[in-house]
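Engineer: Below is structure_14.cif; it holds mmCIF, C-alpha atoms, pLDDT in the B column; chains and numbers go by the auth columns.
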data_entry
loop_
_atom_site.group_PDB
_atom_site.id
_atom_site.type_symbol
_atom_site.label_atom_id
_atom_site.label_comp_id
_atom_site.label_asym_id
_atom_site.label_seq_id
_atom_site.Cartn_x
_atom_site.Cartn_y
_atom_site.Cartn_z
_atom_site.B_iso_or_equiv
_atom_site.auth_seq_id
_atom_site.auth_asym_id
ATOM 1 C CA MET A 1 6.905 50.568 8.812 48.00 432 Q
ATOM 2 C CA ARG A 2 6.293 46.852 9.452 50.00 433 Q
ATOM 3 C CA ILE A 3 3.611 46.828 6.789 50.00 434 Q
ATOM 4 C CA VAL A 4 6.152 47.197 3.944 44.00 435 Q
ATOM 5 C CA PRO A 5 7.981 43.853 4.654 45.00 436 Q
ATOM 6 C CA ILE A 6 4.627 42.097 5.001 44.00 437 Q
ATOM 7 C CA ILE A 7 3.459 43.426 1.618 43.00 438 Q
ATOM 8 C CA VAL A 8 6.759 42.430 -0.005 40.00 439 Q
ATOM 9 C CA CYS A 9 6.562 38.888 1.444 42.00 440 Q
ATOM 10 C CA ALA A 10 2.914 38.537 0.388 41.00 441 Q
ATOM 11 C CA SER A 11 3.750 39.605 -3.191 40.00 442 Q
ATOM 12 C CA LEU A 12 6.622 37.118 -3.405 40.00 443 Q
ATOM 13 C CA LEU A 13 4.466 34.258 -2.134 42.00 444 Q
ATOM 14 C CA ALA A 14 1.692 35.142 -4.580 45.00 445 Q
ATOM 15 C CA GLY A 15 4.063 34.242 -7.444 50.00 446 Q
ATOM 16 C CA CYS A 16 4.579 30.731 -5.986 56.00 447 Q
ATOM 17 C CA SER A 17 1.007 29.551 -6.374 76.00 448 Q
ATOM 18 C CA PHE A 18 0.128 25.886 -6.134 82.00 449 Q
ATOM 19 C CA LYS A 19 -3.328 24.742 -7.125 91.00 450 Q
ATOM 20 C CA GLY A 20 -4.681 21.256 -6.542 89.00 451 Q
ATOM 21 C CA VAL A 21 -5.718 19.255 -9.599 93.00 452 Q
ATOM 22 C CA PRO A 22 -8.846 17.063 -9.353 94.00 453 Q
ATOM 23 C CA ASP A 23 -8.503 13.307 -9.772 96.00 454 Q
ATOM 24 C CA PRO A 24 -9.307 11.950 -13.233 97.00 455 Q
ATOM 25 C CA THR A 25 -12.484 9.974 -13.822 96.00 456 Q
ATOM 26 C CA LEU A 26 -11.817 6.251 -13.431 97.00 457 Q
ATOM 27 C CA SER A 27 -13.373 3.303 -15.230 97.00 458 Q
ATOM 28 C CA ALA A 28 -14.982 0.547 -13.121 97.00 459 Q
ATOM 29 C CA ARG A 29 -11.934 -1.653 -13.778 97.00 460 Q
ATOM 30 C CA ASP A 30 -9.541 1.125 -12.729 97.00 461 Q
ATOM 31 C CA ALA A 31 -11.454 1.681 -9.484 97.00 462 Q
ATOM 32 C CA GLU A 32 -11.608 -2.062 -8.755 97.00 463 Q
ATOM 33 C CA PHE A 33 -7.893 -2.679 -9.423 96.00 464 Q
ATOM 34 C CA MET A 34 -6.721 0.478 -7.659 95.00 465 Q
ATOM 35 C CA ALA A 35 -8.701 -0.469 -4.540 95.00 466 Q
ATOM 36 C CA LEU A 36 -6.554 -3.620 -4.326 94.00 467 Q
ATOM 37 C CA VAL A 37 -3.271 -1.653 -4.106 90.00 468 Q
ATOM 38 C CA PRO A 38 -2.459 -0.965 -0.440 85.00 469 Q
ATOM 39 C CA ASP A 39 -2.784 2.640 0.705 83.00 470 Q
ATOM 40 C CA ALA A 40 0.385 4.325 1.866 86.00 471 Q
ATOM 41 C CA GLU A 41 1.182 7.431 3.865 86.00 472 Q
ATOM 42 C CA PHE A 42 1.596 10.214 1.383 82.00 473 Q
ATOM 43 C CA ASP A 43 3.865 13.234 1.627 89.00 474 Q
ATOM 44 C CA PRO A 44 1.937 16.275 0.302 90.00 475 Q
ATOM 45 C CA HIS A 45 5.201 17.520 -1.241 92.00 476 Q
ATOM 46 C CA PHE A 46 4.675 14.826 -3.890 94.00 477 Q
ATOM 47 C CA ALA A 47 1.005 15.597 -4.562 94.00 478 Q
ATOM 48 C CA ARG A 48 -0.316 16.625 -7.977 97.00 479 Q
ATOM 49 C CA TYR A 49 -0.400 20.420 -8.344 96.00 480 Q
ATOM 50 C CA GLU A 50 -0.697 23.070 -11.005 98.00 481 Q
ATOM 51 C CA MET A 51 2.037 25.665 -10.568 97.00 482 Q
ATOM 52 C CA ASN A 52 4.167 28.187 -12.404 97.00 483 Q
ATOM 53 C CA ASP A 53 6.332 26.353 -14.939 98.00 484 Q
ATOM 54 C CA PRO A 54 9.928 26.016 -13.706 97.00 485 Q
ATOM 55 C CA THR A 55 11.178 24.125 -16.803 97.00 486 Q
ATOM 56 C CA ARG A 56 11.160 26.702 -19.635 96.00 487 Q
ATOM 57 C CA GLU A 57 10.187 23.920 -22.057 98.00 488 Q
ATOM 58 C CA PRO A 58 7.372 24.108 -24.652 98.00 489 Q
ATOM 59 C CA PRO A 59 3.809 23.144 -23.661 98.00 490 Q
ATOM 60 C CA GLY A 60 3.177 19.398 -23.906 98.00 491 Q
ATOM 61 C CA THR A 61 6.717 18.484 -22.821 98.00 492 Q
ATOM 62 C CA ILE A 62 7.234 16.119 -19.891 98.00 493 Q
ATOM 63 C CA VAL A 63 10.245 17.018 -17.753 98.00 494 Q
ATOM 64 C CA VAL A 64 11.491 14.685 -15.012 96.00 495 Q
ATOM 65 C CA GLU A 65 13.757 16.287 -12.433 96.00 496 Q
ATOM 66 C CA THR A 66 15.343 13.195 -10.888 93.00 497 Q
ATOM 67 C CA ARG A 67 16.997 15.017 -7.973 92.00 498 Q
ATOM 68 C CA GLU A 68 13.698 16.663 -7.021 95.00 499 Q
ATOM 69 C CA ARG A 69 11.716 13.435 -7.597 95.00 500 Q
ATOM 70 C CA GLN A 70 9.198 15.506 -9.567 97.00 501 Q
ATOM 71 C CA LEU A 71 7.685 15.181 -13.035 98.00 502 Q
ATOM 72 C CA TYR A 72 6.350 18.293 -14.787 98.00 503 Q
ATOM 73 C CA LEU A 73 3.886 18.366 -17.660 98.00 504 Q
ATOM 74 C CA VAL A 74 4.293 21.794 -19.232 98.00 505 Q
ATOM 75 C CA GLN A 75 0.997 23.603 -19.862 98.00 506 Q
ATOM 76 C CA PRO A 76 0.213 26.692 -21.950 98.00 507 Q
ATOM 77 C CA GLY A 77 0.294 30.078 -20.241 97.00 508 Q
ATOM 78 C CA GLY A 78 3.440 29.554 -18.170 97.00 509 Q
ATOM 79 C CA LYS A 79 1.953 26.767 -16.031 98.00 510 Q
ATOM 80 C CA ALA A 80 2.909 23.140 -15.368 98.00 511 Q
ATOM 81 C CA LEU A 81 1.340 20.156 -13.657 98.00 512 Q
ATOM 82 C CA ARG A 82 3.719 18.707 -11.075 98.00 513 Q
ATOM 83 C CA TYR A 83 3.591 15.079 -9.950 98.00 514 Q
ATOM 84 C CA GLY A 84 5.734 13.286 -7.372 97.00 515 Q
ATOM 85 C CA VAL A 85 7.708 10.307 -8.702 97.00 516 Q
ATOM 86 C CA SER A 86 10.180 7.606 -7.780 94.00 517 Q
ATOM 87 C CA VAL A 87 13.249 7.394 -9.959 92.00 518 Q
ATOM 88 C CA GLY A 88 16.040 4.949 -10.708 81.00 519 Q
ATOM 89 C CA ASP A 89 18.532 4.403 -7.948 73.00 520 Q
ATOM 90 C CA GLU A 90 22.038 5.628 -8.637 61.00 521 Q
ATOM 91 C CA ALA A 91 23.204 2.437 -10.366 49.00 522 Q
ATOM 92 C CA TYR A 92 20.242 2.335 -12.752 60.00 523 Q
ATOM 93 C CA GLY A 93 19.293 5.946 -13.386 70.00 524 Q
ATOM 94 C CA TRP A 94 18.867 7.255 -16.904 78.00 525 Q
ATOM 95 C CA THR A 95 18.861 10.797 -18.246 87.00 526 Q
ATOM 96 C CA GLY A 96 18.243 12.032 -21.736 92.00 527 Q
ATOM 97 C CA LYS A 97 15.578 13.051 -24.214 96.00 528 Q
ATOM 98 C CA ALA A 98 12.983 10.594 -25.478 97.00 529 Q
ATOM 99 C CA THR A 99 9.581 10.380 -27.116 98.00 530 Q
ATOM 100 C CA VAL A 100 6.430 8.687 -25.849 98.00 531 Q
ATOM 101 C CA ASP A 101 6.352 5.832 -28.363 97.00 532 Q
ATOM 102 C CA ARG A 102 3.216 4.111 -27.111 97.00 533 Q
ATOM 103 C CA LYS A 103 0.834 4.022 -24.154 98.00 534 Q
ATOM 104 C CA ALA A 104 -0.873 1.096 -22.413 98.00 535 Q
ATOM 105 C CA GLU A 105 -3.558 0.622 -19.754 98.00 536 Q
ATOM 106 C CA TRP A 106 -2.806 -1.976 -17.058 97.00 537 Q
ATOM 107 C CA PRO A 107 0.154 -3.178 -19.158 96.00 538 Q
ATOM 108 C CA ALA A 108 1.807 -6.567 -19.040 94.00 539 Q
ATOM 109 C CA TRP A 109 5.322 -6.528 -17.600 88.00 540 Q
ATOM 110 C CA ASN A 110 8.169 -8.251 -19.406 85.00 541 Q
ATOM 111 C CA PRO A 111 11.343 -7.552 -17.431 79.00 542 Q
ATOM 112 C CA PRO A 112 14.482 -7.329 -19.565 78.00 543 Q
ATOM 113 C CA ALA A 113 17.076 -10.109 -19.414 81.00 544 Q
ATOM 114 C CA GLU A 114 19.531 -7.917 -17.423 79.00 545 Q
ATOM 115 C CA MET A 115 16.930 -7.439 -14.698 76.00 546 Q
ATOM 116 C CA ILE A 116 16.118 -11.145 -14.522 80.00 547 Q
ATOM 117 C CA LYS A 117 19.837 -11.885 -14.253 83.00 548 Q
ATOM 118 C CA ARG A 118 20.159 -9.440 -11.294 81.00 549 Q
ATOM 119 C CA TRP A 119 16.948 -10.598 -9.624 79.00 550 Q
ATOM 120 C CA PRO A 120 16.067 -14.176 -10.644 81.00 551 Q
ATOM 121 C CA HIS A 121 12.756 -13.962 -8.712 83.00 552 Q
ATOM 122 C CA VAL A 122 11.234 -11.464 -11.188 81.00 553 Q
ATOM 123 C CA HIS A 123 9.130 -12.787 -14.042 79.00 554 Q
ATOM 124 C CA ALA A 124 6.728 -11.611 -16.722 86.00 555 Q
ATOM 125 C CA MET A 125 3.229 -10.741 -15.510 89.00 556 Q
ATOM 126 C CA GLN A 126 -0.101 -9.849 -17.041 93.00 557 Q
ATOM 127 C CA GLY A 127 -1.497 -6.414 -16.216 92.00 558 Q
ATOM 128 C CA GLY A 128 -3.336 -5.923 -12.950 93.00 559 Q
ATOM 129 C CA PRO A 129 -3.058 -4.479 -9.461 92.00 560 Q
ATOM 130 C CA MET A 130 -0.038 -6.590 -8.431 90.00 561 Q
ATOM 131 C CA ASN A 131 1.897 -5.803 -11.618 92.00 562 Q
ATOM 132 C CA PRO A 132 4.852 -3.437 -10.941 91.00 563 Q
ATOM 133 C CA LEU A 133 3.857 -1.209 -13.907 94.00 564 Q
ATOM 134 C CA GLY A 134 0.575 -0.277 -12.245 96.00 565 Q
ATOM 135 C CA ALA A 135 -2.390 1.343 -13.969 98.00 566 Q
ATOM 136 C CA ARG A 136 -0.691 2.842 -17.031 98.00 567 Q
ATOM 137 C CA ALA A 137 2.634 2.941 -18.837 98.00 568 Q
ATOM 138 C CA LEU A 138 4.171 5.399 -21.278 98.00 569 Q
ATOM 139 C CA TYR A 139 6.887 3.642 -23.300 97.00 570 Q
ATOM 140 C CA LEU A 140 9.886 5.797 -24.179 96.00 571 Q
ATOM 141 C CA SER A 141 11.976 5.635 -27.335 97.00 572 Q
ATOM 142 C CA GLU A 142 15.109 7.512 -28.331 95.00 573 Q
ATOM 143 C CA ASN A 143 15.800 7.988 -32.052 93.00 574 Q
ATOM 144 C CA GLY A 144 13.171 5.341 -32.826 93.00 575 Q
ATOM 145 C CA LYS A 145 14.689 2.712 -30.492 95.00 576 Q
ATOM 146 C CA ASP A 146 13.016 1.512 -27.277 93.00 577 Q
ATOM 147 C CA THR A 147 14.950 2.847 -24.283 90.00 578 Q
ATOM 148 C CA LEU A 148 13.501 0.071 -22.060 87.00 579 Q
ATOM 149 C CA TYR A 149 12.535 2.890 -19.663 90.00 580 Q
ATOM 150 C CA ARG A 150 8.936 3.709 -18.849 94.00 581 Q
ATOM 151 C CA ILE A 151 6.866 6.241 -16.993 97.00 582 Q
ATOM 152 C CA HIS A 152 4.413 4.014 -15.174 96.00 583 Q
ATOM 153 C CA GLY A 153 2.221 3.478 -12.145 96.00 584 Q
ATOM 154 C CA THR A 154 3.224 1.439 -9.131 93.00 585 Q
ATOM 155 C CA ASN A 155 1.881 -1.062 -6.641 89.00 586 Q
ATOM 156 C CA GLU A 156 4.328 0.450 -4.095 91.00 587 Q
ATOM 157 C CA PRO A 157 2.977 3.993 -3.585 92.00 588 Q
ATOM 158 C CA GLU A 158 4.935 4.317 -0.330 93.00 589 Q
ATOM 159 C CA LYS A 159 8.123 4.645 -2.393 93.00 590 Q
ATOM 160 C CA ILE A 160 7.102 7.827 -4.237 95.00 591 Q
ATOM 161 C CA GLY A 161 9.832 10.413 -3.648 94.00 592 Q
ATOM 162 C CA GLN A 162 12.633 7.843 -3.450 93.00 593 Q
ATOM 163 C CA ALA A 163 15.370 6.559 -5.777 89.00 594 Q
ATOM 164 C CA VAL A 164 14.407 2.903 -5.822 86.00 595 Q
ATOM 165 C CA SER A 165 13.509 1.695 -9.298 72.00 596 Q
ATOM 166 C CA SER A 166 15.616 0.025 -11.963 73.00 597 Q
ATOM 167 C CA GLY A 167 15.551 3.245 -13.948 75.00 598 Q
ATOM 168 C CA CYS A 168 11.885 3.732 -14.734 88.00 599 Q
ATOM 169 C CA ILE A 169 9.882 6.699 -13.507 95.00 600 Q
ATOM 170 C CA ARG A 170 7.156 5.508 -11.117 95.00 601 Q
ATOM 171 C CA MET A 171 4.022 7.476 -10.247 97.00 602 Q
ATOM 172 C CA ARG A 172 1.036 6.905 -7.998 96.00 603 Q
ATOM 173 C CA ASN A 173 -1.596 5.078 -10.049 97.00 604 Q
ATOM 174 C CA ILE A 174 -4.073 7.970 -9.878 97.00 605 Q
ATOM 175 C CA ASP A 175 -1.327 10.333 -11.102 98.00 606 Q
ATOM 176 C CA VAL A 176 -0.217 8.144 -13.995 98.00 607 Q
ATOM 177 C CA VAL A 177 -3.867 7.860 -15.116 98.00 608 Q
ATOM 178 C CA ASP A 178 -4.079 11.665 -15.061 98.00 609 Q
ATOM 179 C CA LEU A 179 -0.817 12.020 -17.038 98.00 610 Q
ATOM 180 C CA PHE A 180 -1.819 9.256 -19.484 98.00 611 Q
ATOM 181 C CA ASN A 181 -5.088 11.074 -20.228 98.00 612 Q
ATOM 182 C CA ARG A 182 -3.259 14.334 -20.982 98.00 613 Q
ATOM 183 C CA VAL A 183 -0.241 13.179 -23.020 98.00 614 Q
ATOM 184 C CA PRO A 184 -0.355 11.994 -26.643 98.00 615 Q
ATOM 185 C CA VAL A 185 1.937 9.487 -28.300 98.00 616 Q
ATOM 186 C CA GLY A 186 4.819 11.517 -29.749 98.00 617 Q
ATOM 187 C CA ALA A 187 5.181 13.814 -26.721 98.00 618 Q
ATOM 188 C CA THR A 188 8.735 14.815 -25.783 98.00 619 Q
ATOM 189 C CA VAL A 189 10.150 13.561 -22.471 98.00 620 Q
ATOM 190 C CA ILE A 190 13.262 15.103 -20.909 97.00 621 Q
ATOM 191 C CA VAL A 191 14.837 13.308 -17.952 95.00 622 Q
ATOM 192 C CA ARG A 192 17.441 15.353 -16.103 93.00 623 Q
#
Produce structure tokens that represent the structure in this file.

Structural biologist:
Amino acid sequence: MRIVPIIVCASLLAGCSFKGVPDPTLSARDAEFMALVPDAEFDPHFARYEMNDPTREPPGTIVVETRERQLYLVQPGGKALRYGVSVGDEAYGWTGKATVDRKAEWPAWNPPAEMIKRWPHVHAMQGGPMNPLGARALYLSENGKDTLYRIHGTNEPEKIGQAVSSGCIRMRNIDVVDLFNRVPVGATVIVR
């Protein structure tokens, strides 16, 4: 009779499949810059996986679950790619629906005036490994207006899984390159 509970448990776990996703191919510049960002201990809970889609959104949609610290890219066939992220801390978090307005590789960083007022030590920077936006950035707009929020890489990979940013969604550089390669301008982004 013990075999029945084992079969039931095995069937339930089979529905919760996680499959690793290979790293994207990197350019020579990507590899050089990314090698300059310090390695950090990494919690496998925030690794990039293909899994059953928990969002119920159409394929191509990006869904950020801020409480889970996870970003989902909805795939066809009831699947999603899940990436670990850092999100805005409580004072700076943002939720809503936006559109990927533009994308940039190793983008320059131009902190908004409110951020400079809070932290006078921050300043504009050209793209590169020490830039807080990391390897890629997806710029978000709402009703045609820049939200000032981004989905971007980070030079602080040890903070993935935390609420630490000024509202942007941070990803490991290798993950944001993967997302950047898969998502077109015009994609829908839902932050909950």

Engineer: Pick from Q:Gly598, Q:Met546, Q:Ala555, Q:Thr530: nearest to Leu569 of chain Q, with all atoms listed in the file counted?

Structural biologist: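 Checking each candidate against Leu569 of chain Q, we get Q:Thr530 as the closest.
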
Engineer: Smallest atom-to-atom distance to Asn541 of chain Q: which of Q:Tyr580, Q:Trp525, Q:Tyr514, Q:Phe449, using all atoms listed in the file?

Structural biologist: Q:Tyr580

Engineer: In the coordinate frame of the file, compute which residues have an atom within 9 Å of (15.9, 3.6, -17.5) when using all atoms listed in the file, and state them as a VMD selection string.

Structural biologist: chain Q and resid 518 to 519 523 to 526 578 to 581 596 to 600

Engineer: So which residues touch segment 488-499 of chain Q within 7 Å, counting all atoms listed in the file, skipping near sequence neighbours fewer than 5 positions away, as a list of chain:residue names?

Structural biologist: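 Using all atoms listed in the file, the neighbours found are Q:Leu504, Q:Val505, Q:Gln506, Q:Pro507, Q:Val518, Q:Ala618, Q:Thr619, Q:Val620, Q:Ile621, Q:Val622, Q:Arg623.
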
Engineer: Here is a test: counting all atoms listed in the file, which residue of Q:Ala466, Q:Ala566, Q:Ala511, Q:Ala478 is nearest to Glu536 of chain Q?

Structural biologist: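 Under the stated criterion, the closest residue is Q:Ala566.
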
Engineer: Closest to Ala471 of chain Q among Q:Pro542, Q:Gly527, Q:Gly617, Q:Pro588, using all atoms listed in the file?

Structural biologist: Q:Pro588

Engineer: Interatomic distance between atom CA of Phe611 of chain Q and atom CA of Gly565 of chain Q?

Structural biologist: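 So the two atoms, atom CA of Phe611 of chain Q and atom CA of Gly565 of chain Q, lie 12.2 Å apart.
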
Engineer: What would segment 482-515 of chain Q look like with N, CA and C atoms in place, written as a PDB file, in the coordinates of the input?

Structural biologist:
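Written file, result_36.pdb:
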ATOM      1  N   MET Q 482       1.155  24.628 -11.097  1.00 97.00           N
ATOM      2  CA  MET Q 482       2.037  25.665 -10.568  1.00 97.00           C
ATOM      3  C   MET Q 482       2.657  26.443 -11.719  1.00 97.00           C
ATOM      4  N   ASN Q 483       3.409  27.466 -11.381  1.00 97.00           N
ATOM      5  CA  ASN Q 483       4.167  28.187 -12.404  1.00 97.00           C
ATOM      6  C   ASN Q 483       5.225  27.249 -12.961  1.00 97.00           C
ATOM      7  N   ASP Q 484       5.413  27.278 -14.265  1.00 98.00           N
ATOM      8  CA  ASP Q 484       6.332  26.353 -14.939  1.00 98.00           C
ATOM      9  C   ASP Q 484       7.790  26.694 -14.627  1.00 98.00           C
ATOM     10  N   PRO Q 485       8.514  25.764 -13.976  1.00 97.00           N
ATOM     11  CA  PRO Q 485       9.928  26.016 -13.706  1.00 97.00           C
ATOM     12  C   PRO Q 485      10.869  25.501 -14.794  1.00 97.00           C
ATOM     13  N   THR Q 486      10.334  24.861 -15.854  1.00 97.00           N
ATOM     14  CA  THR Q 486      11.178  24.125 -16.803  1.00 97.00           C
ATOM     15  C   THR Q 486      11.661  24.922 -17.999  1.00 97.00           C
ATOM     16  N   ARG Q 487      10.882  25.918 -18.425  1.00 96.00           N
ATOM     17  CA  ARG Q 487      11.160  26.702 -19.635  1.00 96.00           C
ATOM     18  C   ARG Q 487      11.114  25.862 -20.911  1.00 96.00           C
ATOM     19  N   GLU Q 488      10.359  24.776 -20.879  1.00 98.00           N
ATOM     20  CA  GLU Q 488      10.187  23.920 -22.057  1.00 98.00           C
ATOM     21  C   GLU Q 488       8.834  24.234 -22.700  1.00 98.00           C
ATOM     22  N   PRO Q 489       8.639  23.834 -23.965  1.00 98.00           N
ATOM     23  CA  PRO Q 489       7.372  24.108 -24.652  1.00 98.00           C
ATOM     24  C   PRO Q 489       6.203  23.322 -24.041  1.00 98.00           C
ATOM     25  N   PRO Q 490       4.984  23.871 -24.144  1.00 98.00           N
ATOM     26  CA  PRO Q 490       3.809  23.144 -23.661  1.00 98.00           C
ATOM     27  C   PRO Q 490       3.723  21.751 -24.278  1.00 98.00           C
ATOM     28  N   GLY Q 491       3.285  20.793 -23.467  1.00 98.00           N
ATOM     29  CA  GLY Q 491       3.177  19.398 -23.906  1.00 98.00           C
ATOM     30  C   GLY Q 491       4.396  18.565 -23.571  1.00 98.00           C
ATOM     31  N   THR Q 492       5.488  19.204 -23.170  1.00 98.00           N
ATOM     32  CA  THR Q 492       6.717  18.484 -22.821  1.00 98.00           C
ATOM     33  C   THR Q 492       6.612  17.934 -21.400  1.00 98.00           C
ATOM     34  N   ILE Q 493       7.105  16.713 -21.224  1.00 98.00           N
ATOM     35  CA  ILE Q 493       7.234  16.119 -19.891  1.00 98.00           C
ATOM     36  C   ILE Q 493       8.686  16.297 -19.472  1.00 98.00           C
ATOM     37  N   VAL Q 494       8.898  16.840 -18.283  1.00 98.00           N
ATOM     38  CA  VAL Q 494      10.245  17.018 -17.753  1.00 98.00           C
ATOM     39  C   VAL Q 494      10.321  16.300 -16.411  1.00 98.00           C
ATOM     40  N   VAL Q 495      11.283  15.388 -16.274  1.00 96.00           N
ATOM     41  CA  VAL Q 495      11.491  14.685 -15.012  1.00 96.00           C
ATOM     42  C   VAL Q 495      12.762  15.229 -14.381  1.00 96.00           C
ATOM     43  N   GLU Q 496      12.617  15.800 -13.212  1.00 96.00           N
ATOM     44  CA  GLU Q 496      13.757  16.287 -12.433  1.00 96.00           C
ATOM     45  C   GLU Q 496      14.079  15.203 -11.407  1.00 96.00           C
ATOM     46  N   THR Q 497      15.080  14.370 -11.717  1.00 93.00           N
ATOM     47  CA  THR Q 497      15.343  13.195 -10.888  1.00 93.00           C
ATOM     48  C   THR Q 497      15.789  13.568  -9.476  1.00 93.00           C
ATOM     49  N   ARG Q 498      16.557  14.634  -9.329  1.00 92.00           N
ATOM     50  CA  ARG Q 498      16.997  15.017  -7.973  1.00 92.00           C
ATOM     51  C   ARG Q 498      15.833  15.489  -7.118  1.00 92.00           C
ATOM     52  N   GLU Q 499      14.876  16.165  -7.742  1.00 95.00           N
ATOM     53  CA  GLU Q 499      13.698  16.663  -7.021  1.00 95.00           C
ATOM     54  C   GLU Q 499      12.662  15.570  -6.804  1.00 95.00           C
ATOM     55  N   ARG Q 500      12.738  14.485  -7.595  1.00 95.00           N
ATOM     56  CA  ARG Q 500      11.716  13.435  -7.597  1.00 95.00           C
ATOM     57  C   ARG Q 500      10.363  14.022  -8.009  1.00 95.00           C
ATOM     58  N   GLN Q 501      10.405  14.872  -9.052  1.00 97.00           N
ATOM     59  CA  GLN Q 501       9.198  15.506  -9.567  1.00 97.00           C
ATOM     60  C   GLN Q 501       9.147  15.362 -11.085  1.00 97.00           C
ATOM     61  N   LEU Q 502       7.940  15.203 -11.603  1.00 98.00           N
ATOM     62  CA  LEU Q 502       7.685  15.181 -13.035  1.00 98.00           C
ATOM     63  C   LEU Q 502       6.783  16.368 -13.332  1.00 98.00           C
ATOM     64  N   TYR Q 503       7.129  17.120 -14.377  1.00 98.00           N
ATOM     65  CA  TYR Q 503       6.350  18.293 -14.787  1.00 98.00           C
ATOM     66  C   TYR Q 503       5.782  18.058 -16.176  1.00 98.00           C
ATOM     67  N   LEU Q 504       4.505  18.337 -16.335  1.00 98.00           N
ATOM     68  CA  LEU Q 504       3.886  18.366 -17.660  1.00 98.00           C
ATOM     69  C   LEU Q 504       3.630  19.830 -17.959  1.00 98.00           C
ATOM     70  N   VAL Q 505       4.366  20.368 -18.925  1.00 98.00           N
ATOM     71  CA  VAL Q 505       4.293  21.794 -19.232  1.00 98.00           C
ATOM     72  C   VAL Q 505       2.956  22.102 -19.894  1.00 98.00           C
ATOM     73  N   GLN Q 506       2.294  23.152 -19.390  1.00 98.00           N
ATOM     74  CA  GLN Q 506       0.997  23.603 -19.862  1.00 98.00           C
ATOM     75  C   GLN Q 506       1.149  24.951 -20.570  1.00 98.00           C
ATOM     76  N   PRO Q 507       0.179  25.341 -21.370  1.00 98.00           N
ATOM     77  CA  PRO Q 507       0.213  26.692 -21.950  1.00 98.00           C
ATOM     78  C   PRO Q 507       0.094  27.745 -20.847  1.00 98.00           C
ATOM     79  N   GLY Q 508       0.480  28.965 -21.165  1.00 97.00           N
ATOM     80  CA  GLY Q 508       0.294  30.078 -20.241  1.00 97.00           C
ATOM     81  C   GLY Q 508       1.269  30.117 -19.080  1.00 97.00           C
ATOM     82  N   GLY Q 509       2.434  29.484 -19.233  1.00 97.00           N
ATOM     83  CA  GLY Q 509       3.440  29.554 -18.170  1.00 97.00           C
ATOM     84  C   GLY Q 509       3.144  28.677 -16.973  1.00 97.00           C
ATOM     85  N   LYS Q 510       2.311  27.670 -17.122  1.00 98.00           N
ATOM     86  CA  LYS Q 510       1.953  26.767 -16.031  1.00 98.00           C
ATOM     87  C   LYS Q 510       2.492  25.366 -16.298  1.00 98.00           C
ATOM     88  N   ALA Q 511       2.520  24.547 -15.251  1.00 98.00           N
ATOM     89  CA  ALA Q 511       2.909  23.140 -15.368  1.00 98.00           C
ATOM     90  C   ALA Q 511       2.137  22.350 -14.334  1.00 98.00           C
ATOM     91  N   LEU Q 512       1.882  21.089 -14.643  1.00 98.00           N
ATOM     92  CA  LEU Q 512       1.340  20.156 -13.657  1.00 98.00           C
ATOM     93  C   LEU Q 512       2.533  19.418 -13.080  1.00 98.00           C
ATOM     94  N   ARG Q 513       2.600  19.368 -11.751  1.00 98.00           N
ATOM     95  CA  ARG Q 513       3.719  18.707 -11.075  1.00 98.00           C
ATOM     96  C   ARG Q 513       3.206  17.468 -10.364  1.00 98.00           C
ATOM     97  N   TYR Q 514       3.931  16.353 -10.560  1.00 98.00           N
ATOM     98  CA  TYR Q 514       3.591  15.079  -9.950  1.00 98.00           C
ATOM     99  C   TYR Q 514       4.828  14.550  -9.217  1.00 98.00           C
ATOM    100  N   GLY Q 515       4.640  13.958  -8.056  1.00 97.00           N
ATOM    101  CA  GLY Q 515       5.734  13.286  -7.372  1.00 97.00           C
ATOM    102  C   GLY Q 515       6.025  11.950  -8.029  1.00 97.00           C
TER     103      GLY Q 515
END
